[in-house]
Amino acid sequence: MKLSFYTRHSLVVFACFLFVTPWIVTSARLALQQSSNRVADWLPVSFDATQRLRWFQQHFSADDLLMISWEGCDLEDPRLPQLAARLRAPVDIGNQRQVKLSRQIITGPEVLEQLQGEPLLLSRRAAQLRLRGWLTGDELESTCLVLLVTPEGWKNRHFLIEHIRDCADQIEGLARKSLRMAGTAMDSVAIDYASEKHLQWMMLGSFAVGCLLLAFLFKSVVLTGMVFFTALFCQQLSMALVHSTGGHMDSVMLMIPSLIYVLSISTGVHLAHYYLSAARDEGIEHAVERAVKKALLPCGLATLTTMIGLGSLTVSLLKPVSNFGGYAAMGVLLASVSVFFLLPSLLASIPISQQAYARKSSDRWDRLLTFVSTWSTPILLATTVVFGASLWGVFHFRSSACVHAFFAPDAPIIQDYDWLEERIGPLVPLEVVLRFPLDEETIAASPLDRLRVVGAVHGVLAENESVGAVVSALNFSRQIRHRGTGILQVSREALFNQQLGRNLETFRTMGFFRKTPTEQLWRVSSRAFAGHGLNYSMLLQELQAAVDPILERNRQRGLGEIEAVYCGGVPLVQQAQSQMLVDLANSFGLAFALIAAIMIAIQLAGSSEEFAVTRGWKATGWLILRRVTAGLISMIPNVFPCLLVLGAMGLAGIKLEIGSLMTASVALGIAVDDTLHFITWFRRGLARGDSQFAAIRFAYASCGVAMIQTTLACGLGLLTFAMSDFIPIARFAWVMFAMLSSAVVADLVVLPAVLLSPLGVVFEPLAPVERERTGGQGPGA
């Protein structure tokens, strides 16, 4: 007796997998240790918001800051200068390296003292009013420490946060638990922590769900172990892929290992069913080879459509989404290849219990078929109504990329944001940099002329209700008087200009003034509230509409072509939010077009014998039209669940964030697998002479159980991550579960209702008499 291929080469396959396993596990662990999360890094360099932010950072500084305060922190609190002194000192970060984690530290009392001293000599209350909203609260006493992070500090941001807490513990009357911190560095640390918190436990939960489900399905511990360990290898392989290609894990890509795991479970379930069916019907000998041959085409098509769904995300201009799509698509391909090598080798080498081979009854599907056939018209009407309502909801979808979209309202970082914005002031920056040209036309312009423009812009920004604080050189200069023509007024302005000339260095030190050979840059820094759910796009438009007329008026006063550059958190978040909706439409549209083309191609390929005996171009065209229509109709149960879930989210006011952004394309690629199986078996039933009713019963009996099993494997395996503290991961999990569950219901209820309707005729093979009748004249001649 000739041994099967997998039996002969199983030891070689095992040796290869064992050889690479240590490297894969090590690389997977290293991949999890390298992560970075910052909204500023999401958008490509080519985007206007990114270019403007980088330009701003080149001339001023990175806007990576931390605001730190605590209960009872006021202008007289002695703990504040003590903490500032400790944080200004260089820090040993290991390997005998001492670095400065902060570029500048600003406290309320220090700036208050500066404003009360030379040359301004402001009263205490006047100085406090100039600090309100950015260093003091509305009552003018509560204050904070603002730490501007160095590049080395950002690189070691986890160490930075821990160092701040350690410094607090060393100060009498202050403790790490009492600190309230917010800012870009804290955002990144909080995202890292929330996305990785309980990650191992959620993965173990996903593993447990997979094992229990497999044991229930197969009634065999050995077969369960084979599929589970194959999927576990594929999961580790997906993380090793990221590390080996120089990629970095982030909060979004943390879902790749679990997604590859559940998809590998799904492929393994299909392959195991083909093996059990082959062994049961034709004997165990060479059953593995027969199973692989039968499973290769449907599982290969399923892999292809899943890769298309994931790969369509690479069109996204948001880097985390694009990276997720590319690495996940490659992971699916490598996982499928691994499953088709490793699992058959295990099946050929290790015997499994006879109970696993027992044939399952198909009588359970008769009730469902009776229900669908009886209520097919109401089902289709209800589907149409729900489809329309879902479209309405999708058009009302809104997106969010601010920090509040990533965490639950009771998360510590959100509590700190709300506390600081209530006690001190807003935290989302919007920088307006005024560019004054230096040329022959503007040589006569004085510093006071330019400061007046800065003051006008400062004023209109402060008048906007969505802006909670504005800071500029105006906060550190004397009060500007209106222009006058008298001798006294001219003298005052000359003196003012002299003082301004001496104060330019102060403005530069505080980060509000820069001078280049060709222009002067004056910065007006405003802040918006992170927790107020502002429409950043509308806010930016309002501010531009208020600032542009001021610049236009002053261009006629010898100041040249003044330009305003808008940058910072508000433009960045606004462009990220807008890009989310564009990427959702682009990726889903691309996935739909490519998968629909595959479905049409499958319908055309399945009619090759009909094309061979069909005569006449009209008859051929009629057949092509039927098969193209069949391919498009088969997309209904795949598109409907995505629109249903996203539409419900839109109607419920749930905003789109980076996690749910990816679900539609991914779910479309996965869900089409079940549709392919069902329609394939339905057409096989029609080909053997069954009626539409009998062909649907045949499809139910042939693949209905496998469809439910694979949906449970994918959906429940991902659902464990709905417990994540990081909203994008949690939402990705439950939205995927909702879409996949809706998809299997659509495949088992809506699709049969469509096939029983007049539309189902496009799936039927042309009868010989119809081919003869249409041979020269086309149908209906």
# chains A, B, ... in the order shown; residues from 1 in each chain; ligands from 1
call {"tool": "select_by_dssp", "arguments": {"residues": "region 536-690 of chain A", "states": "strand (DSSP E or B)", "output": "list in words"}}
result
Glu563, Ala564, Val565, Tyr566, Cys567 and Leu656 of chain A
call {"tool": "residues_around", "arguments": {"residues": "region 408-420 of chain A", "least_positions_apart": "4", "cutoff": "10 Å", "atoms": "only C-alpha atoms", "output": "VMD selection string"}}
result
chain A and resid 67 to 71 137 143 to 144 179 to 183 186 to 187 189 to 191 194 403 to 404 424 to 427 529 to 532 725 to 727
call {"tool": "residues_around", "arguments": {"residues": "region 509-514 of chain A", "least_positions_apart": "4", "cutoff": "10 Å", "atoms": "only C-alpha atoms", "output": "ChimeraX atom specification"}}
result
/A:59-61,104,106,433-435,471-474,476,503-505,519-525
call {"tool": "residues_around", "arguments": {"residues": "region 639-646 of chain A", "least_positions_apart": "2", "cutoff": "9 Å", "atoms": "only C-alpha atoms", "output": "ChimeraX atom specification"}}
result
/A:383,386-387,389-391,393-394,397,592,635-637,648-651,656,660,663-665,667-668,735,738-746
call {"tool": "write_last_selection", "arguments": {"atoms": "N, CA and C atoms", "output": "compact mmCIF listing (two decimals), in the first residue's frame"}}
result
# COMPACT_ATOMS: atom_id res chain seq x y z
N THR A 383 -36.33 43.31 5.00
CA THR A 383 -34.92 43.55 4.67
C THR A 383 -34.76 44.86 3.92
N VAL A 386 -35.27 47.77 6.43
CA VAL A 386 -34.11 47.89 7.31
C VAL A 386 -32.91 48.41 6.52
N PHE A 387 -32.78 47.97 5.27
CA PHE A 387 -31.68 48.42 4.42
C PHE A 387 -31.74 49.94 4.23
N ALA A 389 -33.33 52.16 6.19
CA ALA A 389 -33.07 52.83 7.46
C ALA A 389 -31.58 52.82 7.80
N SER A 390 -30.91 51.73 7.46
CA SER A 390 -29.47 51.62 7.73
C SER A 390 -28.69 52.62 6.89
N LEU A 391 -29.09 52.77 5.63
CA LEU A 391 -28.43 53.76 4.78
C LEU A 391 -28.59 55.16 5.36
N GLY A 393 -28.92 55.90 8.48
CA GLY A 393 -28.02 55.98 9.62
C GLY A 393 -26.57 56.16 9.22
N VAL A 394 -26.16 55.48 8.14
CA VAL A 394 -24.78 55.59 7.67
C VAL A 394 -24.47 57.02 7.25
N PHE A 397 -23.46 59.24 10.05
CA PHE A 397 -22.29 58.81 10.81
C PHE A 397 -21.36 59.98 11.05
N PHE A 592 -15.72 45.84 -1.76
CA PHE A 592 -16.95 45.41 -2.42
C PHE A 592 -16.71 45.14 -3.90
N MET A 635 -24.03 39.28 -3.24
CA MET A 635 -23.39 40.23 -2.34
C MET A 635 -24.36 40.81 -1.30
N ILE A 636 -25.67 40.61 -1.51
CA ILE A 636 -26.67 41.19 -0.60
C ILE A 636 -26.45 40.74 0.84
N PRO A 637 -26.33 39.43 1.11
CA PRO A 637 -26.16 39.02 2.52
C PRO A 637 -24.81 39.43 3.11
N ALA A 648 -27.03 51.36 12.42
CA ALA A 648 -27.55 51.41 13.80
C ALA A 648 -26.65 52.28 14.67
N MET A 649 -25.34 52.20 14.46
CA MET A 649 -24.42 53.04 15.22
C MET A 649 -24.64 54.52 14.89
N GLY A 650 -24.84 54.81 13.59
CA GLY A 650 -25.09 56.19 13.19
C GLY A 650 -26.36 56.74 13.79
N LEU A 651 -27.44 55.94 13.77
CA LEU A 651 -28.71 56.39 14.34
C LEU A 651 -28.63 56.54 15.85
N LEU A 656 -17.82 57.06 14.90
CA LEU A 656 -16.82 56.19 14.29
C LEU A 656 -15.44 56.55 14.84
N SER A 660 -13.70 50.78 14.91
CA SER A 660 -14.86 50.43 14.10
C SER A 660 -14.68 50.80 12.64
N THR A 663 -13.91 47.63 10.61
CA THR A 663 -14.75 46.44 10.71
C THR A 663 -15.49 46.11 9.41
N ALA A 664 -15.99 47.12 8.70
CA ALA A 664 -16.83 46.85 7.53
C ALA A 664 -16.07 46.05 6.47
N SER A 665 -14.88 46.49 6.12
CA SER A 665 -14.10 45.80 5.08
C SER A 665 -13.67 44.42 5.55
N ALA A 667 -15.14 42.50 7.92
CA ALA A 667 -16.32 41.62 8.00
C ALA A 667 -16.80 41.20 6.62
N LEU A 668 -16.75 42.11 5.65
CA LEU A 668 -17.16 41.77 4.29
C LEU A 668 -16.29 40.65 3.73
N VAL A 735 -18.34 45.02 17.37
CA VAL A 735 -18.89 45.34 16.05
C VAL A 735 -18.64 44.18 15.09
N ALA A 738 -21.12 41.51 15.95
CA ALA A 738 -22.46 41.88 15.46
C ALA A 738 -22.56 41.70 13.95
N MET A 739 -21.52 42.11 13.22
CA MET A 739 -21.56 41.99 11.76
C MET A 739 -21.52 40.53 11.31
N LEU A 740 -20.65 39.72 11.92
CA LEU A 740 -20.55 38.33 11.52
C LEU A 740 -21.81 37.55 11.90
N SER A 741 -22.38 37.87 13.07
CA SER A 741 -23.64 37.22 13.48
C SER A 741 -24.77 37.61 12.53
N SER A 742 -24.83 38.90 12.17
CA SER A 742 -25.85 39.34 11.22
C SER A 742 -25.63 38.70 9.85
N ALA A 743 -24.38 38.50 9.49
CA ALA A 743 -24.07 37.92 8.18
C ALA A 743 -24.54 36.48 8.08
N VAL A 744 -24.34 35.69 9.14
CA VAL A 744 -24.76 34.29 9.07
C VAL A 744 -26.29 34.19 9.06
N VAL A 745 -26.95 35.13 9.77
CA VAL A 745 -28.42 35.16 9.72
C VAL A 745 -28.87 35.55 8.31
N ALA A 746 -28.18 36.50 7.71
CA ALA A 746 -28.53 36.91 6.34
C ALA A 746 -28.31 35.76 5.36
call {"tool": "closest_residue", "arguments": {"among": "A:Leu495, A:Ile352, A:Ala469, A:Val372", "to": "Val749 (chain A)", "atoms": "only C-alpha atoms"}}
result
A:Val372
call {"tool": "residues_around", "arguments": {"residues": "Arg132 (chain A)", "least_positions_apart": "4", "cutoff": "12 Å", "atoms": "only C-alpha atoms", "output": "ChimeraX atom specification"}}
result
/A:108,111-112,125-128,136-144,421,423-426,462,468-471,475,527
call {"tool": "residues_around", "arguments": {"residues": "region 578-587 of chain A", "least_positions_apart": "5", "cutoff": "7 Å", "atoms": "only C-alpha atoms", "output": "VMD selection string"}}
result
chain A and resid 312 to 313 315 to 316 399 661 665
call {"tool": "atom_distance", "arguments": {"atom1": "CA of Asn638 (chain A)", "atom2": "CA of Leu676 (chain A)"}}
result
10.5 Å
call {"tool": "closest_residue", "arguments": {"among": "A:Leu448, A:Asp74, A:Leu430, A:Arg557", "to": "Leu539 (chain A)", "atoms": "only C-alpha atoms"}}
result
A:Leu430
call {"tool": "atom_distance", "arguments": {"atom1": "CA of Gly72 (chain A)", "atom2": "CA of Leu148 (chain A)"}}
result
22.7 Å
call {"tool": "closest_residue", "arguments": {"among": "A:Leu438, A:Leu232, A:Leu540, A:Leu122", "to": "Ala335 (chain A)", "atoms": "only C-alpha atoms"}}
result
A:Leu232
call {"tool": "closest_residue", "arguments": {"among": "A:Val262, A:Val99, A:Leu380, A:Leu347", "to": "Ala291 (chain A)", "atoms": "only C-alpha atoms"}}
result
A:Leu347
call {"tool": "atom_distance", "arguments": {"atom1": "CA of Met736 (chain A)", "atom2": "CA of Leu534 (chain A)"}}
result
28.2 Å
call {"tool": "closest_residue", "arguments": {"among": "A:Ser345, A:Thr377, A:Ser206, A:Gln577", "to": "Leu11 (chain A)", "atoms": "only C-alpha atoms"}}
result
A:Ser345
call {"tool": "closest_residue", "arguments": {"among": "A:Val547, A:Ala348, A:Ala89, A:Arg555", "to": "Gly459 (chain A)", "atoms": "only C-alpha atoms"}}
result
A:Val547
call {"tool": "decode", "arguments": {"residues": "region 11-36 of chain A", "atoms": "N, CA, C and O atoms", "output": "PDB file, in the first residue's frame"}}
result
ATOM      1  N   LEU A  11       7.140  13.962   9.073  1.00  0.00           N
ATOM      2  CA  LEU A  11       8.286  14.249   9.936  1.00  0.00           C
ATOM      3  C   LEU A  11       9.054  15.473   9.448  1.00  0.00           C
ATOM      4  O   LEU A  11       9.526  16.285  10.249  1.00  0.00           O
ATOM      5  N   VAL A  12       9.194  15.596   8.126  1.00  0.00           N
ATOM      6  CA  VAL A  12       9.873  16.767   7.571  1.00  0.00           C
ATOM      7  C   VAL A  12       9.083  18.033   7.887  1.00  0.00           C
ATOM      8  O   VAL A  12       9.657  19.067   8.272  1.00  0.00           O
ATOM      9  N   VAL A  13       7.752  17.960   7.749  1.00  0.00           N
ATOM     10  CA  VAL A  13       6.909  19.118   8.054  1.00  0.00           C
ATOM     11  C   VAL A  13       7.021  19.489   9.529  1.00  0.00           C
ATOM     12  O   VAL A  13       7.211  20.662   9.880  1.00  0.00           O
ATOM     13  N   PHE A  14       6.954  18.476  10.415  1.00  0.00           N
ATOM     14  CA  PHE A  14       7.069  18.743  11.850  1.00  0.00           C
ATOM     15  C   PHE A  14       8.423  19.366  12.177  1.00  0.00           C
ATOM     16  O   PHE A  14       8.524  20.306  12.964  1.00  0.00           O
ATOM     17  N   ALA A  15       9.491  18.828  11.561  1.00  0.00           N
ATOM     18  CA  ALA A  15      10.840  19.336  11.826  1.00  0.00           C
ATOM     19  C   ALA A  15      10.970  20.801  11.412  1.00  0.00           C
ATOM     20  O   ALA A  15      11.567  21.613  12.127  1.00  0.00           O
ATOM     21  N   CYS A  16      10.414  21.137  10.267  1.00  0.00           N
ATOM     22  CA  CYS A  16      10.475  22.525   9.797  1.00  0.00           C
ATOM     23  C   CYS A  16       9.737  23.466  10.745  1.00  0.00           C
ATOM     24  O   CYS A  16      10.243  24.547  11.092  1.00  0.00           O
ATOM     25  N   PHE A  17       8.545  23.060  11.167  1.00  0.00           N
ATOM     26  CA  PHE A  17       7.765  23.910  12.063  1.00  0.00           C
ATOM     27  C   PHE A  17       8.440  24.029  13.426  1.00  0.00           C
ATOM     28  O   PHE A  17       8.465  25.116  14.024  1.00  0.00           O
ATOM     29  N   LEU A  18       9.004  22.930  13.940  1.00  0.00           N
ATOM     30  CA  LEU A  18       9.696  22.985  15.225  1.00  0.00           C
ATOM     31  C   LEU A  18      10.959  23.841  15.140  1.00  0.00           C
ATOM     32  O   LEU A  18      11.322  24.535  16.090  1.00  0.00           O
ATOM     33  N   PHE A  19      11.611  23.818  13.998  1.00  0.00           N
ATOM     34  CA  PHE A  19      12.844  24.580  13.821  1.00  0.00           C
ATOM     35  C   PHE A  19      12.584  26.084  13.879  1.00  0.00           C
ATOM     36  O   PHE A  19      13.359  26.839  14.470  1.00  0.00           O
ATOM     37  N   VAL A  20      11.495  26.525  13.275  1.00  0.00           N
ATOM     38  CA  VAL A  20      11.220  27.966  13.216  1.00  0.00           C
ATOM     39  C   VAL A  20      10.436  28.463  14.428  1.00  0.00           C
ATOM     40  O   VAL A  20      10.359  29.673  14.652  1.00  0.00           O
ATOM     41  N   THR A  21       9.860  27.546  15.222  1.00  0.00           N
ATOM     42  CA  THR A  21       9.010  27.971  16.341  1.00  0.00           C
ATOM     43  C   THR A  21       9.740  28.842  17.358  1.00  0.00           C
ATOM     44  O   THR A  21       9.207  29.892  17.768  1.00  0.00           O
ATOM     45  N   PRO A  22      10.961  28.495  17.815  1.00  0.00           N
ATOM     46  CA  PRO A  22      11.638  29.372  18.784  1.00  0.00           C
ATOM     47  C   PRO A  22      11.858  30.787  18.255  1.00  0.00           C
ATOM     48  O   PRO A  22      11.664  31.771  18.986  1.00  0.00           O
ATOM     49  N   TRP A  23      12.246  30.903  16.994  1.00  0.00           N
ATOM     50  CA  TRP A  23      12.447  32.236  16.408  1.00  0.00           C
ATOM     51  C   TRP A  23      11.134  32.990  16.332  1.00  0.00           C
ATOM     52  O   TRP A  23      11.077  34.199  16.622  1.00  0.00           O
ATOM     53  N   ILE A  24      10.062  32.297  15.961  1.00  0.00           N
ATOM     54  CA  ILE A  24       8.752  32.944  15.839  1.00  0.00           C
ATOM     55  C   ILE A  24       8.267  33.432  17.191  1.00  0.00           C
ATOM     56  O   ILE A  24       7.791  34.571  17.331  1.00  0.00           O
ATOM     57  N   VAL A  25       8.396  32.604  18.229  1.00  0.00           N
ATOM     58  CA  VAL A  25       7.936  32.991  19.564  1.00  0.00           C
ATOM     59  C   VAL A  25       8.750  34.182  20.087  1.00  0.00           C
ATOM     60  O   VAL A  25       8.199  35.131  20.656  1.00  0.00           O
ATOM     61  N   THR A  26      10.080  34.147  19.882  1.00  0.00           N
ATOM     62  CA  THR A  26      10.933  35.260  20.329  1.00  0.00           C
ATOM     63  C   THR A  26      10.586  36.547  19.593  1.00  0.00           C
ATOM     64  O   THR A  26      10.470  37.619  20.201  1.00  0.00           O
ATOM     65  N   SER A  27      10.418  36.458  18.279  1.00  0.00           N
ATOM     66  CA  SER A  27      10.075  37.647  17.489  1.00  0.00           C
ATOM     67  C   SER A  27       8.710  38.192  17.885  1.00  0.00           C
ATOM     68  O   SER A  27       8.503  39.410  17.923  1.00  0.00           O
ATOM     69  N   ALA A  28       7.769  37.294  18.179  1.00  0.00           N
ATOM     70  CA  ALA A  28       6.434  37.737  18.593  1.00  0.00           C
ATOM     71  C   ALA A  28       6.507  38.510  19.907  1.00  0.00           C
ATOM     72  O   ALA A  28       5.843  39.542  20.077  1.00  0.00           O
ATOM     73  N   ARG A  29       7.323  38.023  20.845  1.00  0.00           N
ATOM     74  CA  ARG A  29       7.461  38.718  22.127  1.00  0.00           C
ATOM     75  C   ARG A  29       8.113  40.087  21.949  1.00  0.00           C
ATOM     76  O   ARG A  29       7.705  41.077  22.562  1.00  0.00           O
ATOM     77  N   LEU A  30       9.121  40.169  21.082  1.00  0.00           N
ATOM     78  CA  LEU A  30       9.787  41.446  20.825  1.00  0.00           C
ATOM     79  C   LEU A  30       8.840  42.437  20.145  1.00  0.00           C
ATOM     80  O   LEU A  30       8.908  43.642  20.397  1.00  0.00           O
ATOM     81  N   ALA A  31       7.961  41.917  19.279  1.00  0.00           N
ATOM     82  CA  ALA A  31       7.003  42.795  18.598  1.00  0.00           C
ATOM     83  C   ALA A  31       6.083  43.483  19.600  1.00  0.00           C
ATOM     84  O   ALA A  31       5.746  44.659  19.454  1.00  0.00           O
ATOM     85  N   LEU A  32       5.671  42.767  20.638  1.00  0.00           N
ATOM     86  CA  LEU A  32       4.771  43.342  21.638  1.00  0.00           C
ATOM     87  C   LEU A  32       5.467  44.381  22.500  1.00  0.00           C
ATOM     88  O   LEU A  32       4.808  45.236  23.106  1.00  0.00           O
ATOM     89  N   GLN A  33       6.806  44.339  22.565  1.00  0.00           N
ATOM     90  CA  GLN A  33       7.545  45.284  23.394  1.00  0.00           C
ATOM     91  C   GLN A  33       7.814  46.599  22.685  1.00  0.00           C
ATOM     92  O   GLN A  33       8.270  47.556  23.305  1.00  0.00           O
ATOM     93  N   GLN A  34       7.577  46.645  21.376  1.00  0.00           N
ATOM     94  CA  GLN A  34       7.846  47.857  20.605  1.00  0.00           C
ATOM     95  C   GLN A  34       6.527  48.432  20.109  1.00  0.00           C
ATOM     96  O   GLN A  34       5.916  47.893  19.199  1.00  0.00           O
ATOM     97  N   SER A  35       6.084  49.497  20.738  1.00  0.00           N
ATOM     98  CA  SER A  35       4.820  50.106  20.343  1.00  0.00           C
ATOM     99  C   SER A  35       4.912  51.613  20.474  1.00  0.00           C
ATOM    100  O   SER A  35       5.713  52.143  21.238  1.00  0.00           O
ATOM    101  N   SER A  36       4.083  52.305  19.696  1.00  0.00           N
ATOM    102  CA  SER A  36       4.024  53.768  19.752  1.00  0.00           C
ATOM    103  C   SER A  36       2.628  54.208  19.371  1.00  0.00           C
ATOM    104  O   SER A  36       2.056  53.706  18.401  1.00  0.00           O
TER     105      SER A  36
END
